[in-house]
>>> print(open('coords.cif').read())   # mmCIF, C-alpha atoms
data_input
loop_
_atom_site.label_atom_id
_atom_site.label_comp_id
_atom_site.auth_asym_id
_atom_site.auth_seq_id
_atom_site.Cartn_x
_atom_site.Cartn_y
_atom_site.Cartn_z
CA MET N 247 -12.35 30.95 6.19
CA SER N 248 -10.64 28.60 3.73
CA SER N 249 -7.68 30.95 3.34
CA GLU N 250 -7.34 31.09 7.14
CA LEU N 251 -7.27 27.27 7.31
CA VAL N 252 -4.60 27.15 4.62
CA ARG N 253 -2.51 29.72 6.50
CA LEU N 254 -2.94 27.79 9.77
CA GLY N 255 -1.94 24.54 8.08
CA SER N 256 1.18 26.13 6.63
CA VAL N 257 2.13 27.51 10.05
CA LEU N 258 1.69 24.09 11.67
CA ALA N 259 3.73 22.45 8.93
CA ALA N 260 6.48 25.00 9.42
CA ASP N 261 6.50 24.36 13.17
CA ASP N 262 6.50 20.57 12.73
CA LEU N 263 9.49 20.68 10.34
CA SER N 264 11.37 23.42 12.14
CA ALA N 265 14.35 21.12 12.82
CA PHE N 266 15.10 20.76 9.10
CA GLY N 267 16.77 23.21 6.73
CA LYS N 268 19.26 24.51 9.32
CA ASP N 269 22.21 22.24 8.59
CA PRO N 270 25.33 23.84 7.06
CA TRP N 271 26.47 22.68 3.64
CA TRP N 272 29.27 20.48 4.97
CA LEU N 273 26.86 18.58 7.24
CA VAL N 274 24.45 18.02 4.34
CA ILE N 275 27.31 16.55 2.27
CA ILE N 276 28.37 14.30 5.16
CA LYS N 277 24.81 13.01 5.57
CA ALA N 278 24.48 12.32 1.83
CA VAL N 279 27.82 10.46 1.71
CA VAL N 280 26.92 8.41 4.80
CA ILE N 281 23.55 7.41 3.26
CA PHE N 282 25.32 6.42 0.02
CA LEU N 283 27.90 4.29 1.86
CA VAL N 284 25.26 2.66 4.07
CA LEU N 285 23.16 1.67 1.04
CA VAL N 286 26.14 0.24 -0.85
CA LEU N 287 27.36 -1.75 2.15
CA LEU N 288 23.81 -2.87 2.93
CA THR N 289 23.48 -4.13 -0.64
CA LEU N 290 26.71 -6.15 -0.36
CA PHE N 291 25.50 -7.62 2.92
CA ASN N 292 22.01 -8.39 1.62
CA ILE N 293 23.37 -10.31 -1.38
CA TRP N 294 25.56 -12.42 0.91
CA TRP N 295 22.71 -12.85 3.40
CA GLU N 296 20.26 -13.95 0.70
CA ARG N 297 22.66 -16.53 -0.69
CA ARG N 298 23.37 -17.91 2.79
CA VAL N 299 19.73 -18.06 3.89
CA VAL N 300 18.50 -19.67 0.66
CA ALA N 301 21.39 -22.15 0.85
CA ARG N 302 20.31 -23.14 4.37
CA MET N 303 16.73 -23.54 3.19
CA GLN N 304 17.97 -25.87 0.43
CA HIS N 305 20.42 -27.76 2.71
CA ARG N 306 23.49 -26.23 1.08
CA ILE N 307 26.41 -24.27 2.53
CA GLY N 308 26.43 -21.10 0.43
CA PRO N 309 29.39 -18.70 0.07
CA ASN N 310 31.96 -19.38 2.82
CA VAL N 311 35.41 -18.95 1.23
CA ASN N 312 36.08 -15.24 0.57
CA GLY N 313 36.51 -13.53 3.91
CA PRO N 314 35.13 -14.62 7.29
CA PHE N 315 31.91 -16.57 6.76
CA GLY N 316 32.13 -15.64 3.05
CA LEU N 317 31.30 -11.97 3.76
CA LEU N 318 33.59 -10.74 0.96
CA GLN N 319 31.87 -12.88 -1.69
CA SER N 320 29.61 -10.01 -2.80
CA LEU N 321 32.65 -7.74 -3.16
CA ALA N 322 34.37 -10.41 -5.28
CA ASP N 323 31.28 -10.68 -7.48
CA GLY N 324 31.26 -6.90 -7.94
CA VAL N 325 34.91 -6.89 -9.00
CA LYS N 326 34.20 -9.75 -11.41
CA LEU N 327 31.35 -7.80 -13.01
CA ALA N 328 33.53 -4.69 -13.33
CA LEU N 329 36.26 -6.66 -15.13
CA LYS N 330 33.95 -8.47 -17.55
CA GLU N 331 33.74 -7.41 -21.19
CA ASP N 332 31.19 -4.66 -21.80
CA LEU N 333 29.02 -5.58 -24.80
CA ILE N 334 26.48 -3.43 -26.65
CA PRO N 335 24.22 -5.19 -29.21
CA LYS N 336 24.27 -3.83 -32.76
CA ALA N 337 20.49 -3.39 -32.76
CA ALA N 338 20.50 -1.38 -29.51
CA ASP N 339 19.85 2.33 -29.19
CA LYS N 340 23.24 3.09 -27.64
CA VAL N 341 22.40 6.35 -25.84
CA VAL N 342 19.26 5.00 -24.16
CA PHE N 343 20.96 1.62 -23.60
CA LEU N 344 23.71 3.31 -21.59
CA LEU N 345 21.44 5.74 -19.70
CA ALA N 346 18.81 3.17 -18.63
CA PRO N 347 20.85 1.57 -15.76
CA VAL N 348 21.77 5.03 -14.46
CA LEU N 349 18.12 6.08 -14.58
CA ALA N 350 17.20 2.99 -12.57
CA VAL N 351 19.82 3.33 -9.83
CA ILE N 352 19.80 7.11 -9.10
CA PRO N 353 16.14 7.28 -7.89
CA ALA N 354 16.88 4.30 -5.62
CA PHE N 355 19.44 6.42 -3.75
CA VAL N 356 17.36 9.62 -3.77
CA THR N 357 14.36 8.06 -2.02
CA PHE N 358 16.37 7.52 1.17
CA SER N 359 16.80 11.29 1.59
CA VAL N 360 13.50 11.58 3.51
CA ILE N 361 13.76 8.39 5.59
CA PRO N 362 14.29 9.12 9.32
CA PHE N 363 17.04 6.93 10.85
CA GLY N 364 16.65 8.33 14.35
CA PRO N 365 15.68 11.37 16.47
CA GLU N 366 17.50 14.67 16.80
CA VAL N 367 20.99 14.05 18.19
CA GLY N 368 24.06 16.04 19.16
CA LEU N 369 27.10 15.90 16.90
CA PRO N 370 30.32 14.65 18.55
CA TRP N 371 32.89 17.31 19.47
CA THR N 372 30.42 20.14 18.68
CA ASP N 373 27.48 21.86 20.34
CA ARG N 374 25.32 21.45 17.22
CA THR N 375 22.21 19.20 17.08
CA THR N 376 20.71 17.70 13.93
CA PRO N 377 18.03 15.11 13.08
CA LEU N 378 19.25 11.74 11.78
CA GLN N 379 17.56 12.44 8.45
CA LEU N 380 18.83 14.26 5.38
CA THR N 381 15.65 16.30 4.86
CA ASP N 382 11.89 16.21 5.28
CA MET N 383 8.90 17.89 3.68
CA PRO N 384 5.12 18.02 4.22
CA VAL N 385 4.60 15.56 1.34
CA ALA N 386 7.64 13.33 1.91
CA VAL N 387 5.79 10.03 1.30
CA LEU N 388 4.42 11.30 -2.01
CA PHE N 389 7.98 12.34 -2.90
CA VAL N 390 9.18 8.76 -2.28
CA MET N 391 6.46 7.28 -4.47
CA ALA N 392 7.08 9.80 -7.26
CA ILE N 393 10.83 9.13 -7.31
CA ALA N 394 10.25 5.37 -7.19
CA SER N 395 8.00 5.68 -10.24
CA VAL N 396 10.82 7.38 -12.15
CA GLY N 397 13.05 4.38 -11.50
CA ILE N 398 10.70 2.16 -13.50
CA TYR N 399 11.58 4.14 -16.62
CA GLY N 400 15.11 2.76 -16.39
CA ILE N 401 13.81 -0.80 -16.62
CA VAL N 402 11.33 -0.02 -19.40
CA LEU N 403 13.86 1.93 -21.49
CA GLY N 404 16.52 -0.70 -20.86
CA GLY N 405 14.24 -3.40 -22.28
CA TRP N 406 13.13 -1.27 -25.22
CA SER N 407 16.61 -0.04 -26.19
CA SER N 408 18.17 -3.52 -26.22
CA GLY N 409 16.70 -4.42 -29.61
CA SER N 410 15.60 -7.81 -28.25
CA THR N 411 12.06 -9.15 -28.12
CA TYR N 412 12.60 -10.83 -24.76
CA SER N 413 13.99 -7.64 -23.23
CA LEU N 414 11.09 -5.61 -24.61
CA LEU N 415 8.54 -8.02 -23.11
CA GLY N 416 10.32 -7.82 -19.76
CA GLY N 417 10.21 -4.02 -19.82
CA LEU N 418 6.51 -4.01 -20.69
CA ARG N 419 5.79 -6.45 -17.87
CA SER N 420 7.62 -4.21 -15.44
CA SER N 421 5.62 -1.14 -16.49
CA ALA N 422 2.35 -3.09 -16.16
CA GLN N 423 3.35 -4.27 -12.68
CA MET N 424 4.20 -0.72 -11.64
CA ILE N 425 0.87 0.64 -12.83
CA SER N 426 -1.09 -2.17 -11.16
CA TYR N 427 0.60 -2.42 -7.79
CA GLU N 428 1.48 1.22 -7.26
CA VAL N 429 -2.25 1.98 -7.18
CA ALA N 430 -2.78 -0.56 -4.40
CA MET N 431 0.31 0.70 -2.56
CA GLY N 432 -0.89 4.30 -2.68
CA LEU N 433 -4.34 3.33 -1.45
CA ALA N 434 -2.82 1.39 1.44
CA LEU N 435 -1.02 4.53 2.60
CA VAL N 436 -4.16 6.69 2.73
CA ALA N 437 -5.22 5.10 6.02
CA VAL N 438 -1.81 5.98 7.51
CA PHE N 439 -2.23 9.61 6.44
CA LEU N 440 -5.69 9.72 8.04
CA TYR N 441 -4.38 8.47 11.39
CA ALA N 442 -1.12 10.44 11.40
CA GLY N 443 -2.63 13.67 10.06
CA SER N 444 0.50 14.28 8.00
CA MET N 445 2.48 13.00 5.01
CA SER N 446 5.81 13.94 6.58
CA THR N 447 7.88 10.87 7.46
CA SER N 448 9.17 12.35 10.72
CA GLU N 449 5.63 13.29 11.80
CA ILE N 450 4.31 9.81 10.93
CA VAL N 451 7.04 8.26 13.12
CA ALA N 452 6.19 10.68 15.94
CA ALA N 453 2.49 9.71 15.69
CA GLN N 454 3.46 6.08 16.43
CA ASP N 455 5.11 6.83 19.76
CA ASP N 456 2.51 4.82 21.71
CA LEU N 457 1.04 2.36 19.16
CA TRP N 458 2.30 1.28 15.75
CA PHE N 459 0.03 1.71 12.76
CA GLY N 460 0.87 -1.84 11.67
CA LEU N 461 -1.13 -3.09 14.67
CA ILE N 462 -4.23 -0.94 14.20
CA LEU N 463 -4.22 -0.82 10.37
CA VAL N 464 -3.53 -4.48 9.63
CA PRO N 465 -5.27 -4.58 6.19
CA SER N 466 -3.25 -1.56 5.02
CA PHE N 467 -0.07 -3.21 6.29
CA VAL N 468 -0.82 -6.48 4.46
CA ILE N 469 -1.77 -4.69 1.21
CA TYR N 470 1.37 -2.56 1.32
CA THR N 471 3.56 -5.62 1.99
CA ILE N 472 2.15 -7.47 -1.04
CA ALA N 473 2.35 -4.38 -3.25
CA MET N 474 5.95 -3.61 -2.29
CA ILE N 475 7.03 -7.10 -3.39
CA GLY N 476 5.31 -6.55 -6.74
CA GLU N 477 6.89 -3.09 -7.06
CA THR N 478 10.43 -4.40 -6.56
CA ASN N 479 10.04 -7.26 -9.08
CA ARG N 480 11.07 -9.80 -6.47
CA ALA N 481 10.07 -13.47 -6.31
CA PRO N 482 7.38 -14.72 -6.51
CA PHE N 483 6.55 -11.58 -8.55
CA ASP N 484 9.80 -11.46 -10.58
CA LEU N 485 7.98 -11.75 -13.90
CA PRO N 486 9.97 -9.02 -15.76
CA GLU N 487 13.08 -11.23 -15.48
CA ALA N 488 11.46 -14.67 -15.70
CA GLU N 489 14.13 -17.05 -17.00
CA GLY N 490 11.61 -19.66 -18.09
CA GLU N 491 9.85 -17.40 -20.60
CA LEU N 492 12.10 -14.37 -21.19
CA VAL N 493 15.69 -15.71 -20.87
CA GLY N 494 16.57 -12.91 -18.44
CA GLY N 495 13.92 -10.30 -19.09
CA PHE N 496 14.72 -6.62 -19.41
CA HIS N 497 18.46 -7.06 -18.68
CA THR N 498 19.09 -9.98 -21.05
CA GLU N 499 21.48 -7.96 -23.25
CA TYR N 500 23.30 -6.20 -20.40
CA SER N 501 26.71 -7.13 -19.05
CA SER N 502 29.55 -5.80 -16.89
CA LEU N 503 28.87 -2.65 -14.82
CA LYS N 504 25.56 -1.85 -16.54
CA PHE N 505 24.14 -5.16 -15.32
CA ALA N 506 25.64 -4.47 -11.89
CA LEU N 507 23.76 -1.15 -11.76
CA PHE N 508 20.45 -2.91 -12.41
CA PHE N 509 21.33 -5.41 -9.70
CA LEU N 510 22.25 -2.56 -7.32
CA ALA N 511 18.96 -0.75 -8.04
CA GLU N 512 16.93 -3.89 -7.26
CA TYR N 513 18.54 -4.43 -3.87
CA ILE N 514 18.43 -0.74 -2.91
CA ASN N 515 14.74 -0.63 -3.86
CA MET N 516 14.22 -3.65 -1.63
CA ALA N 517 15.83 -1.72 1.23
CA THR N 518 13.81 1.41 0.34
CA VAL N 519 10.39 -0.24 0.52
CA SER N 520 11.46 -2.01 3.72
CA ALA N 521 12.55 1.30 5.27
CA LEU N 522 9.29 2.94 4.17
CA ALA N 523 7.26 0.07 5.67
CA THR N 524 9.23 0.43 8.90
CA THR N 525 8.59 4.18 8.95
CA LEU N 526 4.87 4.00 8.15
CA PHE N 527 3.76 0.87 9.99
CA LEU N 528 6.36 -0.28 12.56
CA GLY N 529 7.09 2.94 14.39
CA GLY N 530 10.25 3.86 12.49
CA TRP N 531 13.20 4.22 14.86
CA HIS N 532 11.11 3.74 18.02
CA ALA N 533 12.13 0.82 20.23
CA PRO N 534 10.08 -2.38 19.71
CA PHE N 535 8.11 -4.25 22.37
CA TRP N 536 7.82 -1.11 24.52
CA ILE N 537 11.45 -1.40 25.65
CA ASP N 538 11.42 2.35 26.33
CA GLU N 539 9.01 1.72 29.23
CA VAL N 540 11.79 -0.21 30.98
CA TRP N 541 14.84 1.56 29.57
CA ALA N 542 14.41 5.33 29.30
CA GLY N 543 17.34 5.77 26.91
CA ALA N 544 16.04 3.32 24.30
CA ASN N 545 14.69 6.16 22.13
CA GLU N 546 17.47 8.67 22.74
CA GLY N 547 20.78 9.39 21.05
CA TYR N 548 22.11 7.02 18.39
CA VAL N 549 20.51 3.88 19.91
CA PRO N 550 17.30 4.15 17.77
CA VAL N 551 19.42 3.55 14.65
CA ILE N 552 19.79 -0.05 15.86
CA TRP N 553 16.01 -0.48 16.15
CA PHE N 554 15.49 1.03 12.70
CA PHE N 555 17.95 -1.22 10.88
CA GLY N 556 16.75 -4.24 12.86
CA LYS N 557 13.23 -3.73 11.51
CA VAL N 558 14.53 -3.12 7.96
CA LEU N 559 16.56 -6.34 8.04
CA ALA N 560 13.48 -8.21 9.29
CA PHE N 561 11.61 -7.08 6.17
CA ILE N 562 14.55 -8.04 3.95
CA PHE N 563 14.59 -11.50 5.56
CA PHE N 564 10.90 -11.72 4.64
CA PHE N 565 11.84 -10.99 1.01
CA ILE N 566 14.48 -13.74 1.11
CA TRP N 567 12.09 -16.18 2.77
CA LEU N 568 9.53 -15.68 0.02
CA ARG N 569 12.15 -16.19 -2.69
CA GLY N 570 13.23 -19.48 -1.15
CA SER N 571 9.69 -20.74 -0.56
CA LEU N 572 7.22 -19.75 -3.29
CA PRO N 573 7.23 -20.49 -7.03
CA ARG N 574 6.77 -17.74 -9.58
CA LEU N 575 3.17 -16.77 -10.36
CA ARG N 576 1.66 -16.91 -13.80
CA TYR N 577 1.38 -13.43 -15.29
CA ASP N 578 -2.42 -13.36 -15.72
CA GLN N 579 -2.85 -14.56 -12.13
CA PHE N 580 -0.54 -11.83 -10.89
CA MET N 581 -2.34 -9.03 -12.76
CA ALA N 582 -5.81 -10.33 -11.85
CA PHE N 583 -4.82 -10.46 -8.17
CA GLY N 584 -3.76 -6.81 -8.24
CA TRP N 585 -6.79 -5.40 -10.06
CA LYS N 586 -9.55 -7.74 -8.80
CA ARG N 587 -8.39 -8.27 -5.21
CA LEU N 588 -5.97 -5.71 -3.78
CA ILE N 589 -7.43 -2.52 -5.25
CA PRO N 590 -11.12 -3.23 -4.38
CA ILE N 591 -10.15 -4.33 -0.86
CA ALA N 592 -8.01 -1.21 -0.42
CA LEU N 593 -10.87 1.06 -1.55
CA VAL N 594 -13.36 -0.53 0.85
CA TRP N 595 -10.82 -0.34 3.68
CA ILE N 596 -10.19 3.38 3.08
CA ILE N 597 -13.92 4.09 3.34
CA ALA N 598 -14.11 2.06 6.56
CA VAL N 599 -11.08 3.78 8.09
CA ALA N 600 -12.36 7.26 7.19
CA THR N 601 -15.75 6.46 8.71
CA ILE N 602 -14.28 4.96 11.89
CA ARG N 603 -11.83 7.83 12.25
CA THR N 604 -14.55 10.45 11.91
CA ILE N 605 -16.82 8.70 14.42
CA SER N 606 -13.97 8.22 16.91
CA LEU N 607 -12.94 11.86 16.76
CA ASN N 608 -16.51 13.07 17.24
CA ASP N 609 -17.31 10.54 20.02
CA GLY N 610 -20.49 9.58 18.20
CA ILE N 611 -20.55 5.81 18.85
CA ASP N 612 -19.24 3.29 21.33
CA ARG N 613 -15.90 1.68 20.42
CA ARG N 614 -17.43 -1.80 20.82
CA TYR N 615 -19.69 -1.20 17.82
CA LEU N 616 -16.69 -0.02 15.84
CA LEU N 617 -14.88 -3.29 16.60
CA ILE N 618 -17.96 -5.24 15.51
CA GLY N 619 -18.04 -3.29 12.26
CA ILE N 620 -14.35 -4.02 11.68
CA GLY N 621 -15.03 -7.74 12.21
CA VAL N 622 -17.85 -7.67 9.66
CA LEU N 623 -15.58 -5.92 7.15
CA ALA N 624 -12.84 -8.49 7.75
CA VAL N 625 -15.28 -11.32 7.02
CA GLY N 626 -16.40 -9.52 3.87
CA PHE N 627 -12.78 -9.14 2.74
CA LEU N 628 -12.21 -12.86 3.28
CA LEU N 629 -15.30 -13.83 1.30
CA LEU N 630 -14.31 -11.47 -1.51
CA PHE N 631 -10.82 -12.96 -1.56
CA LEU N 632 -11.99 -16.58 -1.64
CA PHE N 633 -15.19 -16.45 -3.70
CA GLY N 634 -14.81 -13.34 -5.83
CA GLU N 635 -14.48 -14.93 -9.27
CA GLU N 636 -17.32 -16.53 -11.14
CA PRO N 637 -16.87 -20.24 -11.96
CA VAL N 638 -15.95 -21.08 -15.52
CA ASP N 639 -18.45 -23.26 -17.42
CA LYS N 640 -16.27 -25.89 -19.05
CA ASP N 641 -19.19 -27.37 -21.03
CA ALA N 642 -19.98 -24.09 -22.77
CA PRO N 643 -19.27 -24.06 -26.53
CA PRO N 644 -16.06 -22.27 -27.49
CA ALA N 645 -16.40 -18.70 -28.65
CA VAL N 646 -15.23 -18.32 -32.23
CA ALA N 647 -14.40 -14.80 -33.40
CA GLU N 648 -15.78 -13.87 -36.78
CA ALA N 649 -13.21 -13.02 -39.41
CA THR N 650 -13.32 -9.46 -40.66
CA PRO N 651 -13.58 -8.92 -44.43
CA GLY N 652 -10.12 -8.88 -45.94
CA GLY N 653 -8.48 -9.65 -42.58
CA PHE N 654 -6.48 -12.57 -41.32
CA PRO N 655 -8.31 -15.65 -40.00
CA ILE N 656 -8.48 -15.73 -36.20
CA PRO N 657 -7.97 -19.14 -34.56
CA PRO N 658 -10.63 -20.16 -32.02
CA LEU N 659 -9.99 -20.13 -28.30
CA PRO N 660 -9.49 -23.44 -26.48
CA THR N 661 -12.60 -25.42 -25.68
CA GLY N 662 -14.27 -23.95 -22.62
CA GLY N 663 -12.48 -20.61 -22.89
CA PRO N 664 -9.08 -19.63 -21.50
CA VAL N 665 -7.40 -22.36 -19.47
CA ARG N 666 -7.39 -21.69 -15.73
CA GLY N 667 -5.41 -23.63 -13.18
CA ALA N 668 -3.68 -26.92 -13.89
CA ALA N 669 -4.04 -28.70 -17.22
CA ALA N 670 -6.71 -31.38 -17.51
CA PRO N 671 -5.41 -34.96 -17.10
CA LEU N 672 -4.95 -37.01 -20.24
CA THR N 673 -7.52 -39.76 -20.88
CA PHE N 674 -7.40 -42.58 -23.44
CA ASP N 675 -10.36 -44.46 -24.92
CA THR N 676 -8.46 -47.77 -25.27
CA PRO N 677 -5.61 -49.09 -23.13
CA ILE N 678 -2.19 -48.59 -24.67
CA SER N 679 0.02 -51.67 -24.70
CA SER N 680 3.63 -51.99 -25.79
CA PRO N 681 4.71 -54.53 -28.45
CA ALA N 682 6.47 -56.57 -25.77
CA THR N 683 3.37 -56.96 -23.64
CA SER N 684 1.18 -57.65 -26.66
CA GLY N 685 3.61 -60.35 -27.86
CA ALA N 686 3.67 -61.92 -24.43
CA GLY N 687 -0.11 -61.96 -24.45
CA LYS N 688 -0.22 -63.71 -27.79
CA GLU N 689 2.23 -66.38 -26.55
CA ALA N 690 0.17 -66.96 -23.44
CA HIS N 691 -2.97 -67.28 -25.58
CA ALA N 692 -1.20 -69.82 -27.86
CA ASP N 693 -0.01 -71.85 -24.85
CA GLY N 694 -3.54 -71.88 -23.54
#
>>> encode(input="coords.cif", output="structure tokens")
Amino acid sequence: MSSELVRLGSVLAADDLSAFGKDPWWLVIIKAVVIFLVLVLLTLFNIWWERRVVARMQHRIGPNVNGPFGLLQSLADGVKLALKEDLIPKAADKVVFLLAPVLAVIPAFVTFSVIPFGPEVGLPWTDRTTPLQLTDMPVAVLFVMAIASVGIYGIVLGGWSSGSTYSLLGGLRSSAQMISYEVAMGLALVAVFLYAGSMSTSEIVAAQDDLWFGLILVPSFVIYTIAMIGETNRAPFDLPEAEGELVGGFHTEYSSLKFALFFLAEYINMATVSALATTLFLGGWHAPFWIDEVWAGANEGYVPVIWFFGKVLAFIFFFIWLRGSLPRLRYDQFMAFGWKRLIPIALVWIIAVATIRTISLNDGIDRRYLLIGIGVLAVGFLLLFLFGEEPVDKDAPPAVAEATPGGFPIPPLPTGGPVRGAAAPLTFDTPISSPATSGAGKEAHADG
């Protein structure tokens, strides 16, 4: 029986992905080159767009000299980086130091190979049809997450090979962020797999023809959005490159084109997670606001490419908005939020979604009771988010670690344990007066 189910599943998967694997070699090369050019041009545009939007938020003008509206400013910055002197520190491991930026940027391009830009279309001047997607596979989403995990090695190895303490700390922070927030991101996607019945990106988009998963799986959407910001090391989660503590983080010792590759990888990863969020939660290339109900051609031909990139740019604007609005988090707050908030909430939500999905498919309970259960879970999530941590007893005596025989003395922790939140205000037993005011007081006393 189990072997028959496996065979049936493989047959269905083959039928679902029957449009892929038929392109000739020259069409595959054209698709790969087009994806590469789109990502490079999108990166140049996103850098300009971020600088302009943040400038408007801060009542500045932003780049407006090079090209119309300053659109060529990003290209000028790229040329400047290419012409700068390329330095390698003496303490660096040269081979790893040179390979780290390449290891960071290549996975950023590869992940876009399974992102669907549109439906199956006809090629101009030919009778051939092809999907607007380089390839697809039954586990395409897992492929994206696996390749994205490889890209973290570039950041970690870049920080380690620099021979700098600040760079090493930035690389370690990046690896810790990846471990913490990739767990929450993966858990957020389980609910999508349960509703779509597939891990193929094209099949997930097809399952959202009538209703987007972002509307019916709101907790998964919110968890994924938070986790994707932590995964891309963007503000307010840009702790691997925190200037206040780490000078520049993992790329402190990098210059010229190697620094440009790290910069390119960051912005392409930002586009990658935005494209994946669009594919999994916002219907992919399907027209928004049910425009296809009014206009039949909204989801046909090359028009869906406009809807897809419109949604991606909306996510990128969200990234920019956060960078211009929120301050950087403290590192212990960031890690505690991932492990104590996002992951437990994601686990509870998966159990709820699996239960609701099973009951709905078997018609075992009225949908009204399901909505009531969802409301109760939402209240529970809110209470867990607001009142999850135990209050710290500030009057408790400080814990002093006992020194081990023959070891180094260990200094005690601050009074009341680790400091949480803002620092306590300073208080003085006696009023502090300056010599001028004290002299004036003495003169007034003598006159009296």
>>> resolve_selection(input="coords.cif", expression="the PyMOL selection byres ((chain N and resi 510-516) around 7)", output="ChimeraX atom specification")
/N:285,289,350-351,354,478,506-509,517-520
>>> resolve_selection(input="coords.cif", expression="the PyMOL selection byres ((chain N and resi 414) around 10)", output="VMD selection string")
chain N and resid 401 to 413 415 to 420 486 492 495 to 498
>>> atom_distance(input="coords.cif", atom1="CA of Ser502 (chain N)", atom2="CA of Leu329 (chain N)")
7.0 Å
>>> resolve_selection(input="coords.cif", expression="the PyMOL selection byres ((chain N and resi 565-580) around 7)", output="list in words")
Glu296, Val300, Met303, Ala481, Pro482, Phe483, Leu485, Phe561, Ile562, Phe563, Phe564, Met581, Ala582, Phe583 and Gly584 of chain N
>>> closest_residue(input="coords.cif", among="N:Phe363, N:Tyr500, N:Tyr399, N:Trp553", to="Leu378 (chain N)", atoms="only C-alpha atoms")
N:Phe363
>>> closest_residue(input="coords.cif", among="N:Ala338, N:Phe459, N:Tyr548, N:Ala278", to="Thr524 (chain N)", atoms="only C-alpha atoms")
N:Phe459
>>> atom_distance(input="coords.cif", atom1="CA of Asn292 (chain N)", atom2="CA of Leu559 (chain N)")
8.7 Å
>>> residues_around(input="coords.cif", residues="Glu428 (chain N)", least_positions_apart="3", cutoff="12 Å", atoms="only C-alpha atoms", output="JSON, numbers by chain")
{"N": [388, 390, 391, 392, 394, 395, 398, 420, 421, 422, 423, 424, 425, 431, 432, 433, 434, 435, 469, 470, 471, 472, 473, 474, 475, 476, 477, 478, 519, 584, 585, 588, 589, 592]}
>>> residues_around(input="coords.cif", residues="Ile552 (chain N)", least_positions_apart="3", cutoff="10 Å", atoms="only C-alpha atoms", output="ChimeraX atom specification")
/N:363-364,531-533,544,548-549,555-558
>>> closest_residue(input="coords.cif", among="N:Ala488, N:Ala600, N:Ala346, N:Leu457", to="Phe505 (chain N)", atoms="all atoms listed in the file")
N:Ala346
>>> decode(input="coords.cif", residues="region 331-341 of chain N", atoms="N, CA, C and O atoms", output="PDB file, in the first residue's frame")
ATOM      1  N   GLU N 331      41.595  50.967  -4.477  1.00  0.00           N
ATOM      2  CA  GLU N 331      42.704  50.045  -4.229  1.00  0.00           C
ATOM      3  C   GLU N 331      42.211  48.805  -3.492  1.00  0.00           C
ATOM      4  O   GLU N 331      41.426  48.914  -2.538  1.00  0.00           O
ATOM      5  N   ASP N 332      42.653  47.652  -3.942  1.00  0.00           N
ATOM      6  CA  ASP N 332      42.250  46.377  -3.349  1.00  0.00           C
ATOM      7  C   ASP N 332      43.289  45.978  -2.299  1.00  0.00           C
ATOM      8  O   ASP N 332      44.432  45.687  -2.635  1.00  0.00           O
ATOM      9  N   LEU N 333      42.885  45.974  -1.042  1.00  0.00           N
ATOM     10  CA  LEU N 333      43.797  45.696   0.072  1.00  0.00           C
ATOM     11  C   LEU N 333      43.487  44.331   0.679  1.00  0.00           C
ATOM     12  O   LEU N 333      42.312  43.953   0.794  1.00  0.00           O
ATOM     13  N   ILE N 334      44.531  43.622   1.082  1.00  0.00           N
ATOM     14  CA  ILE N 334      44.397  42.353   1.796  1.00  0.00           C
ATOM     15  C   ILE N 334      45.246  42.449   3.067  1.00  0.00           C
ATOM     16  O   ILE N 334      46.460  42.666   2.977  1.00  0.00           O
ATOM     17  N   PRO N 335      44.667  42.336   4.249  1.00  0.00           N
ATOM     18  CA  PRO N 335      45.454  42.440   5.487  1.00  0.00           C
ATOM     19  C   PRO N 335      46.515  41.341   5.569  1.00  0.00           C
ATOM     20  O   PRO N 335      46.356  40.239   5.030  1.00  0.00           O
ATOM     21  N   LYS N 336      47.615  41.661   6.247  1.00  0.00           N
ATOM     22  CA  LYS N 336      48.696  40.686   6.386  1.00  0.00           C
ATOM     23  C   LYS N 336      48.262  39.468   7.191  1.00  0.00           C
ATOM     24  O   LYS N 336      48.729  38.360   6.948  1.00  0.00           O
ATOM     25  N   ALA N 337      47.383  39.681   8.174  1.00  0.00           N
ATOM     26  CA  ALA N 337      46.959  38.578   9.035  1.00  0.00           C
ATOM     27  C   ALA N 337      45.854  37.732   8.415  1.00  0.00           C
ATOM     28  O   ALA N 337      45.401  36.766   9.039  1.00  0.00           O
ATOM     29  N   ALA N 338      45.399  38.072   7.214  1.00  0.00           N
ATOM     30  CA  ALA N 338      44.269  37.363   6.611  1.00  0.00           C
ATOM     31  C   ALA N 338      44.709  36.053   5.973  1.00  0.00           C
ATOM     32  O   ALA N 338      45.848  35.912   5.515  1.00  0.00           O
ATOM     33  N   ASP N 339      43.803  35.100   5.951  1.00  0.00           N
ATOM     34  CA  ASP N 339      43.973  33.875   5.180  1.00  0.00           C
ATOM     35  C   ASP N 339      43.559  34.206   3.745  1.00  0.00           C
ATOM     36  O   ASP N 339      42.370  34.298   3.423  1.00  0.00           O
ATOM     37  N   LYS N 340      44.530  34.397   2.862  1.00  0.00           N
ATOM     38  CA  LYS N 340      44.261  35.015   1.566  1.00  0.00           C
ATOM     39  C   LYS N 340      43.283  34.215   0.716  1.00  0.00           C
ATOM     40  O   LYS N 340      42.394  34.773   0.067  1.00  0.00           O
ATOM     41  N   VAL N 341      43.417  32.892   0.696  1.00  0.00           N
ATOM     42  CA  VAL N 341      42.545  32.078  -0.164  1.00  0.00           C
ATOM     43  C   VAL N 341      41.093  32.198   0.288  1.00  0.00           C
ATOM     44  O   VAL N 341      40.186  32.488  -0.515  1.00  0.00           O
TER      45      VAL N 341
END
